[in-house]
file query.cif (mmCIF, C-alpha atoms)
data_final
loop_
_atom_site.label_atom_id
_atom_site.label_comp_id
_atom_site.auth_asym_id
_atom_site.auth_seq_id
_atom_site.Cartn_x
_atom_site.Cartn_y
_atom_site.Cartn_z
CA MET A 1 27.44 3.52 23.45
CA ASN A 2 25.33 0.48 22.46
CA LEU A 3 24.80 -0.62 18.88
CA ARG A 4 21.37 1.02 18.51
CA GLU A 5 22.82 4.35 19.63
CA GLN A 6 25.66 3.89 17.15
CA LEU A 7 23.08 3.30 14.40
CA GLU A 8 21.16 6.42 15.42
CA HIS A 9 24.40 8.44 15.46
CA ARG A 10 25.32 7.14 12.00
CA GLU A 11 21.80 7.91 10.80
CA ASP A 12 22.06 11.48 12.11
CA ARG A 13 25.24 12.10 10.13
CA ALA A 14 24.04 10.43 6.92
CA LEU A 15 20.50 11.78 6.57
CA ALA A 16 19.38 15.10 5.13
CA PRO A 17 18.37 17.77 7.69
CA TRP A 18 14.67 17.35 6.85
CA ALA A 19 14.67 13.53 7.11
CA MET A 20 12.94 11.80 10.01
CA ARG A 21 15.43 10.40 12.51
CA ALA A 22 14.67 7.37 14.64
CA ARG A 23 15.88 9.11 17.79
CA ASP A 24 13.32 11.90 17.20
CA SER A 25 10.32 9.59 16.94
CA ARG A 26 7.23 10.56 18.93
CA GLY A 27 7.16 7.03 20.25
CA ARG A 28 4.59 4.23 20.33
CA LEU A 29 1.02 3.93 21.56
CA GLY A 30 2.30 1.81 24.43
CA SER A 31 5.71 2.44 25.93
CA GLU A 32 8.27 -0.35 25.74
CA PRO A 33 12.06 -0.60 26.09
CA GLU A 34 14.20 0.23 23.07
CA HIS A 35 15.90 -2.63 21.28
CA ALA A 36 19.61 -3.19 21.82
CA TYR A 37 20.65 -3.18 18.14
CA ARG A 38 17.67 -2.04 16.04
CA THR A 39 16.25 1.43 15.68
CA CYS A 40 12.54 1.98 16.27
CA PHE A 41 11.80 2.18 12.54
CA GLN A 42 13.73 -1.03 11.87
CA ARG A 43 11.56 -2.72 14.50
CA ASP A 44 8.43 -1.36 12.82
CA ARG A 45 9.54 -2.80 9.50
CA ASP A 46 10.27 -6.19 11.04
CA ARG A 47 6.97 -6.34 12.92
CA VAL A 48 5.02 -5.67 9.74
CA LEU A 49 7.11 -8.18 7.78
CA HIS A 50 6.35 -10.95 10.30
CA SER A 51 2.64 -10.14 10.65
CA THR A 52 -0.16 -12.46 9.59
CA ALA A 53 -1.76 -9.75 7.46
CA PHE A 54 1.46 -9.35 5.46
CA ARG A 55 1.52 -13.06 4.56
CA ARG A 56 -2.10 -12.92 3.40
CA LEU A 57 -1.16 -10.35 0.74
CA GLN A 58 0.21 -13.24 -1.34
CA TYR A 59 -3.34 -14.30 -2.21
CA LYS A 60 -4.96 -10.89 -2.66
CA THR A 61 -5.65 -9.47 -6.10
CA GLN A 62 -3.65 -6.65 -7.62
CA VAL A 63 -5.40 -6.67 -11.04
CA PHE A 64 -5.62 -10.35 -12.00
CA ILE A 65 -6.93 -12.93 -9.54
CA HIS A 66 -4.49 -15.68 -8.50
CA HIS A 67 -5.96 -18.49 -10.62
CA GLU A 68 -5.58 -16.46 -13.84
CA GLY A 69 -1.82 -17.02 -13.89
CA ASP A 70 1.21 -17.61 -11.69
CA HIS A 71 3.22 -14.70 -13.08
CA PHE A 72 0.81 -11.81 -12.47
CA ARG A 73 1.38 -9.47 -9.55
CA ASN A 74 -0.48 -9.90 -6.31
CA ARG A 75 -0.60 -7.52 -3.35
CA LEU A 76 2.54 -9.05 -1.86
CA THR A 77 4.72 -8.80 -4.96
CA HIS A 78 3.36 -5.31 -5.57
CA THR A 79 4.35 -4.31 -2.02
CA LEU A 80 7.87 -5.69 -2.47
CA GLU A 81 8.32 -3.77 -5.73
CA VAL A 82 7.12 -0.57 -4.08
CA ALA A 83 9.57 -1.14 -1.22
CA GLN A 84 12.48 -1.47 -3.65
CA ILE A 85 11.56 1.76 -5.44
CA GLY A 86 10.89 3.56 -2.16
CA ARG A 87 14.24 2.61 -0.67
CA THR A 88 16.04 3.73 -3.83
CA ILE A 89 14.37 7.15 -3.77
CA ALA A 90 14.94 7.55 -0.02
CA ARG A 91 18.62 6.64 -0.33
CA VAL A 92 19.28 9.11 -3.14
CA LEU A 93 17.44 11.98 -1.45
CA GLY A 94 18.88 11.36 2.02
CA ALA A 95 15.56 10.34 3.62
CA ASN A 96 15.15 7.55 6.17
CA GLU A 97 15.13 4.24 4.28
CA ASP A 98 13.93 2.20 7.25
CA LEU A 99 10.90 4.41 7.89
CA THR A 100 10.09 4.49 4.17
CA GLU A 101 10.22 0.70 3.99
CA ALA A 102 8.11 0.24 7.14
CA ILE A 103 5.40 2.48 5.69
CA VAL A 104 5.47 0.73 2.32
CA LEU A 105 5.31 -2.78 3.76
CA ALA A 106 2.22 -1.81 5.77
CA HIS A 107 0.46 0.38 3.21
CA ASP A 108 -1.70 -2.37 1.63
CA LEU A 109 -2.35 -4.59 4.65
CA GLY A 110 -5.95 -3.41 4.79
CA HIS A 111 -6.83 -4.19 1.19
CA THR A 112 -9.85 -6.43 0.72
CA PRO A 113 -9.91 -9.53 -1.44
CA PHE A 114 -10.55 -8.83 -5.15
CA GLY A 115 -8.64 -5.54 -5.12
CA HIS A 116 -10.50 -2.26 -5.49
CA ALA A 117 -13.67 -4.14 -6.42
CA GLY A 118 -13.75 -5.49 -2.88
CA GLU A 119 -13.27 -2.01 -1.49
CA ARG A 120 -16.21 -0.76 -3.58
CA ALA A 121 -18.38 -3.54 -2.17
CA MET A 122 -17.34 -2.89 1.43
CA HIS A 123 -17.73 0.89 1.43
CA PRO A 124 -21.56 1.09 1.48
CA LEU A 125 -21.77 -1.78 3.97
CA LEU A 126 -19.83 0.31 6.48
CA GLU A 127 -21.55 3.61 5.80
CA ALA A 128 -22.50 4.00 9.47
CA PHE A 129 -18.81 3.75 10.39
CA GLY A 130 -17.54 6.28 7.87
CA GLY A 131 -17.31 3.78 5.02
CA PHE A 132 -14.40 1.50 4.14
CA GLU A 133 -10.99 2.72 3.01
CA HIS A 134 -7.98 0.43 2.80
CA ASN A 135 -5.46 2.85 4.33
CA ARG A 136 -7.66 3.25 7.38
CA GLN A 137 -8.11 -0.53 7.55
CA SER A 138 -4.32 -0.95 7.34
CA LEU A 139 -3.98 1.29 10.37
CA ARG A 140 -6.68 -0.69 12.17
CA ILE A 141 -4.74 -3.89 11.50
CA VAL A 142 -1.45 -2.62 12.90
CA ASP A 143 -3.13 -0.79 15.81
CA TRP A 144 -5.71 -3.36 16.86
CA LEU A 145 -6.23 -6.57 14.94
CA GLU A 146 -2.76 -8.13 14.84
CA LEU A 147 -2.06 -10.04 18.04
CA ARG A 148 1.61 -10.76 18.74
CA THR A 149 1.91 -10.42 22.51
CA PRO A 150 -0.45 -10.45 25.51
CA GLU A 151 0.98 -7.10 26.60
CA TYR A 152 -0.91 -5.00 24.03
CA ARG A 153 -3.18 -5.10 20.99
CA GLY A 154 -1.75 -4.59 17.52
CA LEU A 155 1.90 -4.16 16.57
CA ASN A 156 2.51 -1.04 18.67
CA LEU A 157 4.22 0.81 15.82
CA THR A 158 5.75 4.27 16.05
CA HIS A 159 3.71 7.40 15.45
CA GLU A 160 5.63 8.13 12.22
CA THR A 161 4.92 4.75 10.63
CA ARG A 162 1.27 4.92 11.65
CA ALA A 163 0.89 8.43 10.23
CA GLY A 164 2.64 7.30 7.05
CA ILE A 165 0.03 4.58 6.55
CA LEU A 166 -2.54 7.41 6.39
CA LYS A 167 -0.24 9.12 3.90
CA HIS A 168 -2.95 10.74 1.83
CA GLY A 169 -3.83 13.01 4.77
CA ARG A 170 -7.58 12.58 4.45
CA ALA A 171 -9.94 13.39 7.33
CA TYR A 172 -10.97 10.12 8.96
CA PRO A 173 -13.80 9.81 11.50
CA ARG A 174 -11.85 9.32 14.72
CA HIS A 175 -14.76 7.75 16.57
CA SER A 176 -14.46 4.66 14.37
CA HIS A 177 -10.86 3.87 15.37
CA PRO A 178 -10.32 1.95 18.62
CA VAL A 179 -7.21 3.89 19.71
CA GLU A 180 -5.93 7.43 19.30
CA MET A 181 -5.33 8.30 15.66
CA PRO A 182 -1.91 9.68 14.62
CA SER A 183 -1.79 13.40 13.87
CA LEU A 184 -0.97 14.14 10.24
CA GLY A 185 0.09 17.78 10.12
CA ALA A 186 -0.11 19.98 7.04
CA SER A 187 1.98 17.54 4.99
CA PRO A 188 3.18 13.98 5.63
CA THR A 189 6.84 13.28 6.36
CA ALA A 190 9.14 13.05 3.36
CA GLU A 191 9.27 9.29 3.91
CA ALA A 192 5.47 8.99 3.70
CA GLN A 193 5.48 11.13 0.55
CA ILE A 194 8.15 8.88 -0.97
CA ALA A 195 6.10 5.79 -0.11
CA ASN A 196 3.08 7.31 -1.83
CA TRP A 197 4.94 8.09 -5.05
CA ALA A 198 6.81 4.77 -5.08
CA ASP A 199 3.39 3.09 -4.94
CA SER A 200 2.18 5.12 -7.91
CA ILE A 201 5.29 4.48 -10.02
CA ALA A 202 5.30 0.76 -9.25
CA TYR A 203 1.69 -0.02 -10.03
CA GLY A 204 1.68 2.04 -13.21
CA ALA A 205 4.68 0.13 -14.57
CA HIS A 206 3.77 -3.37 -13.43
CA ASP A 207 0.14 -3.03 -14.51
CA ILE A 208 1.47 -2.32 -18.00
CA ASP A 209 3.69 -5.40 -17.68
CA ASP A 210 0.77 -7.58 -16.55
CA GLY A 211 -1.49 -6.04 -19.19
CA LEU A 212 1.00 -6.99 -21.90
CA ARG A 213 1.54 -10.45 -20.43
CA SER A 214 -2.23 -11.08 -20.34
CA GLY A 215 -2.77 -9.89 -23.91
CA LEU A 216 -5.12 -7.09 -22.86
CA LEU A 217 -2.50 -4.60 -24.02
CA GLU A 218 -0.30 -4.65 -27.11
CA PRO A 219 3.07 -2.85 -27.41
CA GLU A 220 1.75 -0.96 -30.44
CA GLN A 221 -1.05 0.55 -28.35
CA LEU A 222 1.51 1.88 -25.91
CA GLU A 223 3.25 3.76 -28.72
CA GLU A 224 0.48 6.34 -28.30
CA LEU A 225 2.06 7.29 -24.96
CA GLU A 226 4.93 9.78 -24.94
CA LEU A 227 6.18 8.22 -21.70
CA TRP A 228 6.43 4.81 -23.37
CA ARG A 229 8.10 6.13 -26.52
CA ARG A 230 10.77 7.91 -24.47
CA ALA A 231 11.44 4.79 -22.42
CA ARG A 232 11.72 2.66 -25.57
CA GLU A 233 14.20 5.11 -27.08
CA ARG A 234 16.29 5.12 -23.88
CA ALA A 235 16.30 1.33 -24.07
CA GLY A 236 17.72 1.60 -27.61
CA LEU A 237 14.92 -0.48 -29.11
CA SER A 238 12.87 -0.07 -32.27
CA ARG A 239 9.42 -1.35 -33.18
CA PRO A 240 7.98 -3.98 -33.18
CA LEU A 241 8.83 -5.22 -29.68
CA ALA A 242 9.09 -8.84 -28.55
CA ALA A 243 8.35 -9.76 -24.93
CA VAL A 244 11.95 -9.39 -23.80
CA GLY A 245 11.99 -5.96 -25.46
CA TRP A 246 8.94 -4.53 -23.72
CA ARG A 247 10.23 -5.78 -20.39
CA LYS A 248 13.40 -3.78 -20.96
CA VAL A 249 11.28 -0.73 -21.81
CA ILE A 250 9.41 -1.10 -18.52
CA VAL A 251 12.74 -1.06 -16.66
CA ARG A 252 13.59 2.21 -18.41
CA LEU A 253 10.10 3.53 -17.69
CA ILE A 254 10.56 3.04 -13.93
CA ASP A 255 14.11 4.39 -14.05
CA GLY A 256 13.01 7.50 -15.93
CA LEU A 257 10.17 8.29 -13.53
CA VAL A 258 12.35 7.74 -10.46
CA GLY A 259 15.02 10.01 -11.94
CA ASP A 260 12.45 12.72 -12.72
CA LEU A 261 11.01 12.49 -9.20
CA VAL A 262 14.43 12.77 -7.56
CA GLU A 263 15.37 15.82 -9.63
CA ALA A 264 12.00 17.57 -9.20
CA THR A 265 12.01 16.87 -5.46
CA ALA A 266 15.57 18.17 -5.10
CA ARG A 267 14.50 21.46 -6.73
CA ARG A 268 11.57 21.85 -4.32
CA LEU A 269 13.76 21.06 -1.34
CA GLU A 270 16.26 23.67 -2.49
CA LYS A 271 13.44 26.20 -2.85
CA HIS A 272 11.89 25.60 0.59
CA ALA A 273 15.08 24.56 2.41
CA PRO A 274 13.39 22.83 5.38
CA THR A 275 15.84 22.47 8.27
CA SER A 276 14.08 19.62 10.07
CA ALA A 277 11.45 16.93 9.62
CA ASP A 278 8.94 19.10 11.50
CA ALA A 279 9.69 22.05 9.21
CA LEU A 280 9.06 19.90 6.13
CA CYS A 281 5.73 18.72 7.54
CA THR A 282 4.54 22.31 7.99
CA LEU A 283 5.18 23.30 4.37
CA PRO A 284 2.02 24.31 2.49
CA GLU A 285 2.57 21.64 -0.17
CA PRO A 286 4.29 18.25 -0.41
CA VAL A 287 7.83 18.47 -1.71
CA VAL A 288 8.21 14.92 -3.04
CA GLY A 289 6.76 14.36 -6.49
CA LEU A 290 7.23 14.25 -10.22
CA SER A 291 7.75 17.29 -12.41
CA ASP A 292 4.65 18.86 -13.93
CA GLU A 293 5.52 17.40 -17.32
CA ALA A 294 5.96 13.87 -15.96
CA ARG A 295 2.71 14.10 -14.01
CA GLU A 296 0.89 14.94 -17.22
CA LEU A 297 2.52 12.03 -19.03
CA THR A 298 1.63 9.58 -16.24
CA ARG A 299 -1.99 10.77 -16.34
CA ALA A 300 -2.13 9.67 -19.99
CA GLN A 301 -0.63 6.32 -18.96
CA THR A 302 -3.22 5.87 -16.21
CA HIS A 303 -6.02 6.72 -18.63
CA MET A 304 -4.85 4.02 -21.03
CA LEU A 305 -4.64 1.46 -18.22
CA HIS A 306 -8.22 2.28 -17.21
CA GLU A 307 -9.49 1.98 -20.76
CA CYS A 308 -7.54 -1.10 -21.84
CA VAL A 309 -6.95 -3.07 -18.62
CA TYR A 310 -9.01 -2.06 -15.59
CA ARG A 311 -12.22 -1.73 -17.66
CA HIS A 312 -11.56 -4.70 -19.91
CA PRO A 313 -14.47 -7.19 -19.86
CA GLN A 314 -12.21 -9.94 -18.49
CA VAL A 315 -11.21 -7.78 -15.51
CA LEU A 316 -14.68 -6.30 -15.01
CA ARG A 317 -16.32 -9.75 -14.94
CA MET A 318 -14.03 -10.89 -12.15
CA ALA A 319 -14.53 -7.59 -10.30
CA LEU A 320 -18.31 -8.01 -10.42
CA LYS A 321 -17.97 -11.57 -9.14
CA GLY A 322 -15.77 -10.36 -6.29
CA GLU A 323 -18.21 -7.61 -5.30
CA ARG A 324 -21.08 -10.09 -5.34
CA ILE A 325 -19.17 -12.62 -3.23
CA LEU A 326 -18.42 -10.06 -0.51
CA ARG A 327 -21.96 -8.63 -0.48
CA GLU A 328 -23.50 -12.09 -0.22
CA LEU A 329 -21.10 -13.14 2.53
CA TRP A 330 -22.07 -9.99 4.43
CA GLU A 331 -25.76 -10.84 4.00
CA ALA A 332 -25.19 -14.40 5.22
CA TYR A 333 -23.26 -13.33 8.30
CA SER A 334 -25.76 -10.56 9.08
CA SER A 335 -28.73 -12.93 8.93
CA GLN A 336 -26.96 -15.76 10.78
CA PRO A 337 -24.02 -14.51 12.90
CA ARG A 338 -23.28 -18.06 14.09
CA LEU A 339 -21.76 -18.69 10.66
CA LEU A 340 -18.85 -16.56 11.83
CA PRO A 341 -15.89 -18.19 13.61
CA ARG A 342 -15.84 -17.95 17.37
CA HIS A 343 -12.91 -15.57 17.47
CA VAL A 344 -14.81 -13.12 15.26
CA LEU A 345 -17.84 -13.30 17.52
CA ALA A 346 -15.58 -12.75 20.52
CA ALA A 347 -14.15 -9.60 18.91
CA ALA A 348 -17.69 -8.38 18.31
CA SER A 349 -18.25 -8.25 22.07
CA ASP A 350 -16.06 -5.12 22.25
CA GLU A 351 -17.40 -3.37 19.14
CA PRO A 352 -20.53 -3.43 16.98
CA PRO A 353 -20.88 -6.77 15.14
CA GLU A 354 -20.77 -5.00 11.76
CA ARG A 355 -17.26 -3.79 12.52
CA ALA A 356 -16.06 -7.30 13.37
CA MET A 357 -17.69 -8.72 10.23
CA ALA A 358 -15.95 -6.08 8.13
CA ASP A 359 -12.58 -6.97 9.66
CA TYR A 360 -13.20 -10.63 8.90
CA LEU A 361 -14.26 -10.01 5.29
CA ALA A 362 -11.47 -7.52 4.56
CA GLY A 363 -8.90 -9.92 5.97
CA MET A 364 -9.90 -12.76 3.66
CA THR A 365 -7.76 -13.76 0.72
CA ASP A 366 -9.42 -14.14 -2.68
CA ARG A 367 -9.23 -17.93 -2.41
CA PHE A 368 -10.68 -18.07 1.10
CA ALA A 369 -13.56 -15.73 0.19
CA MET A 370 -14.49 -17.85 -2.84
CA ASP A 371 -14.28 -21.08 -0.83
CA GLU A 372 -16.37 -19.62 2.00
CA HIS A 373 -18.99 -18.39 -0.48
CA ARG A 374 -19.22 -21.88 -1.99
CA ARG A 375 -19.52 -23.49 1.45
CA ILE A 376 -22.47 -21.24 2.29
CA TYR A 377 -24.32 -20.98 -1.02
CA ASP A 378 -23.40 -24.05 -3.11
CA PRO A 379 -25.52 -27.05 -2.00
CA HIS A 380 -23.01 -29.46 -3.58
CA THR A 381 -20.05 -28.12 -1.53
CA PRO A 382 -19.49 -29.76 1.88
CA ALA A 383 -20.06 -27.34 4.76
#

call {"tool": "encode", "arguments": {"input": "query.cif", "output": "structure tokens"}}
result
Amino acid sequence: MNLREQLEHREDRALAPWAMRARDSRGRLGSEPEHAYRTCFQRDRDRVLHSTAFRRLQYKTQVFIHHEGDHFRNRLTHTLEVAQIGRTIARVLGANEDLTEAIVLAHDLGHTPFGHAGERAMHPLLEAFGGFEHNRQSLRIVDWLELRTPEYRGLNLTHETRAGILKHGRAYPRHSHPVEMPSLGASPTAEAQIANWADSIAYGAHDIDDGLRSGLLEPEQLEELELWRRARERAGLSRPLAAVGWRKVIVRLIDGLVGDLVEATARRLEKHAPTSADALCTLPEPVVGLSDEARELTRAQTHMLHECVYRHPQVLRMALKGERILRELWEAYSSQPRLLPRHVLAAASDEPPERAMADYLAGMTDRFAMDEHRRIYDPHTPA
């Protein structure tokens, strides 16, 4: 028995019956030999981690653009925080940690520069191709755009990781994807569901942290939220809160939500008692998730973030600038395609030029997009 087989055997004994096992994977788009000492999901994780698109996340906006401060989250730090939460949940529930982590590390690869503002700008530009959606673009990156070997396009990930990237289960126009799309089933795997909820818990908590750090939020405003008050009480703190205090509250906030999710998920699993990963995916509803009470409390939290942070004039001004930069870059490239690098033009020989331009724009970091916009439109900037 080689080491990979030993790992798969250990995995089989340790995981819950409904967890996805590496040995049961549906395989990759292109067949290739198994690794001697890594499971297929461990290889997926490592391929994403070493990809070019993953490194670019360091300079892509989460809420605050990179030049607004060194301590605000970006897409990379967000992804790492989601991975930590996802692995914790998977470990406690008996799900596959490696698959969960692979999905999480890839889930934001397709995000545009300037966060969701960039996505809003890109969507109408790609209307003929079904619009723009970052999960679908993430899949396009791992299936087609990343080039790591002359043997195949993309990263050649497993079916389960690819399906997990499309974790929301929306209907995507298959004609717009260059290879066969993964089938999603009635519900995603437990690992994909965990990745989805870890994402939600992480960004809710760290956007509060960044909102407080930026001064757009005050601890006293958060006292309106039941979720915040409970976390503060669990932290053993009273009002008013200094910076070190609200950071401790945020730790308790994450811990409380993860604990609620684990307990609520365990109750649903006990109710449905799926005996395999396939059985879990055929259930009429997802089993991973918060309790009804916690969902309601997080909705109030999200509402406050929208009102006080995401729609704050400081954030909206930068969002409008980002949308304008991407639209004007699109107009420049459309009117004069020779402005595009040669490798982008070469990619356009296989697909419509609009598709290649969208890949190029979506792959830009905030900094590169702003520099490129200046090079094209600012007469005082060297070309």

call {"tool": "atom_distance", "arguments": {"input": "query.cif", "atom1": "atom CA of A:Arg234", "atom2": "atom CA of A:Ala202"}}
result
18.8 Å

call {"tool": "resolve_selection", "arguments": {"input": "query.cif", "expression": "the PyMOL selection byres ((chain A and resi 92) around 12)", "output": "number ranges by chain"}}
result
A: 14-16, 85-91, 93-97, 194, 258-259, 261-263, 265-266

call {"tool": "atom_distance", "arguments": {"input": "query.cif", "atom1": "atom CA of A:Ala192", "atom2": "atom CA of A:Glu160"}}
result
8.6 Å

call {"tool": "resolve_selection", "arguments": {"input": "query.cif", "expression": "the PyMOL selection byres ((chain A and resi 249) around 6)", "output": "VMD selection string"}}
result
chain A and resid 231 to 232 235 246 to 248 250 to 252

call {"tool": "closest_residue", "arguments": {"input": "query.cif", "among": "A:Phe54, A:Tyr37, A:Tyr377, A:Tyr203", "to": "A:His107", "atoms": "all atoms listed in the file"}}
result
A:Phe54

call {"tool": "closest_residue", "arguments": {"input": "query.cif", "among": "A:Glu119, A:Glu127, A:Glu133, A:Glu223", "to": "A:Leu320", "atoms": "all atoms listed in the file"}}
result
A:Glu119

call {"tool": "residues_near_point", "arguments": {"input": "query.cif", "point": "(-2.5, -0.2, 15.8)", "cutoff": "7 Å", "atoms": "all atoms listed in the file", "output": "PyMOL selection string"}}
result
chain A and resi 139-144+154-157

call {"tool": "atom_distance", "arguments": {"input": "query.cif", "atom1": "atom CA of A:Met318", "atom2": "atom CA of A:Phe129"}}
result
27.3 Å

call {"tool": "axis_aligned_box", "arguments": {"input": "query.cif", "around": "stretch 222-241 of chain A", "padding_each_side": "5 Å", "output": "JSON"}}
result
{"center_x": 9.1, "center_y": 2.3, "center_z": -27.4, "size_x": 27.2, "size_y": 25.0, "size_z": 21.5}

call {"tool": "resolve_selection", "arguments": {"input": "query.cif", "expression": "the PyMOL selection byres ((chain A and resi 305) around 10)", "output": "ChimeraX atom specification"}}
result
/A:204,207-208,211,216-217,222,299-304,306-312

call {"tool": "closest_residue", "arguments": {"input": "query.cif", "among": "A:Ala102, A:Leu237, A:Leu227, A:Ala277", "to": "A:Arg21", "atoms": "all atoms listed in the file"}}
result
A:Ala277

call {"tool": "closest_residue", "arguments": {"input": "query.cif", "among": "A:His50, A:Leu76, A:Leu99, A:Ile201", "to": "A:Arg148", "atoms": "all atoms listed in the file"}}
result
A:His50

call {"tool": "closest_atom_pairs", "arguments": {"input": "query.cif", "of": "stretch 90-148 of chain A", "to": "stretch 350-371 of chain A", "cutoff": "10 Å", "atoms": "all atoms listed in the file", "output": "tab-separated table"}}
result
residue	atom	partner	partner_atom	distance
A:Leu109	CA	A:Gly363	CA	8.5
A:Gly110	CA	A:Ala362	CA	6.9
A:His111	CA	A:Ala362	CA	6.6
A:Thr112	CA	A:Ala362	CA	4.3
A:Pro113	CA	A:Asp366	CA	4.8
A:Phe114	CA	A:Asp366	CA	6.0
A:Gly115	CA	A:Asp366	CA	9.0
A:Gly118	CA	A:Ala362	CA	8.0
A:Glu119	CA	A:Ala362	CA	8.4
A:Met122	CA	A:Ala358	CA	7.5
A:His123	CA	A:Ala358	CA	9.8
A:Leu125	CA	A:Ala358	CA	8.3
A:Leu126	CA	A:Glu354	CA	7.5
A:Ala128	CA	A:Glu354	CA	9.4
A:Phe129	CA	A:Arg355	CA	8.0
A:Phe132	CA	A:Ala358	CA	8.7
A:His134	CA	A:Ala362	CA	8.9
A:Gln137	CA	A:Asp359	CA	8.1
A:Arg140	CA	A:Asp359	CA	9.0
A:Ile141	CA	A:Asp359	CA	8.6
A:Leu145	CA	A:Asp359	CA	8.3

call {"tool": "write_last_selection", "arguments": {"input": "query.cif", "atoms": "C-alpha atoms", "output": "CSV table (one decimal), in the coordinates of the input"}}
result
chain,number,residue,atom,x,y,z
A,109,LEU,CA,-2.4,-4.6,4.6
A,110,GLY,CA,-6.0,-3.4,4.8
A,111,HIS,CA,-6.8,-4.2,1.2
A,112,THR,CA,-9.8,-6.4,0.7
A,113,PRO,CA,-9.9,-9.5,-1.4
A,114,PHE,CA,-10.6,-8.8,-5.2
A,115,GLY,CA,-8.6,-5.5,-5.1
A,118,GLY,CA,-13.8,-5.5,-2.9
A,119,GLU,CA,-13.3,-2.0,-1.5
A,122,MET,CA,-17.3,-2.9,1.4
A,123,HIS,CA,-17.7,0.9,1.4
A,125,LEU,CA,-21.8,-1.8,4.0
A,126,LEU,CA,-19.8,0.3,6.5
A,128,ALA,CA,-22.5,4.0,9.5
A,129,PHE,CA,-18.8,3.8,10.4
A,132,PHE,CA,-14.4,1.5,4.1
A,134,HIS,CA,-8.0,0.4,2.8
A,137,GLN,CA,-8.1,-0.5,7.6
A,140,ARG,CA,-6.7,-0.7,12.2
A,141,ILE,CA,-4.7,-3.9,11.5
A,145,LEU,CA,-6.2,-6.6,14.9

call {"tool": "closest_residue", "arguments": {"input": "query.cif", "among": "A:Gly256, A:Pro313, A:Gly185, A:Pro240", "to": "A:Ala205", "atoms": "only C-alpha atoms"}}
result
A:Gly256
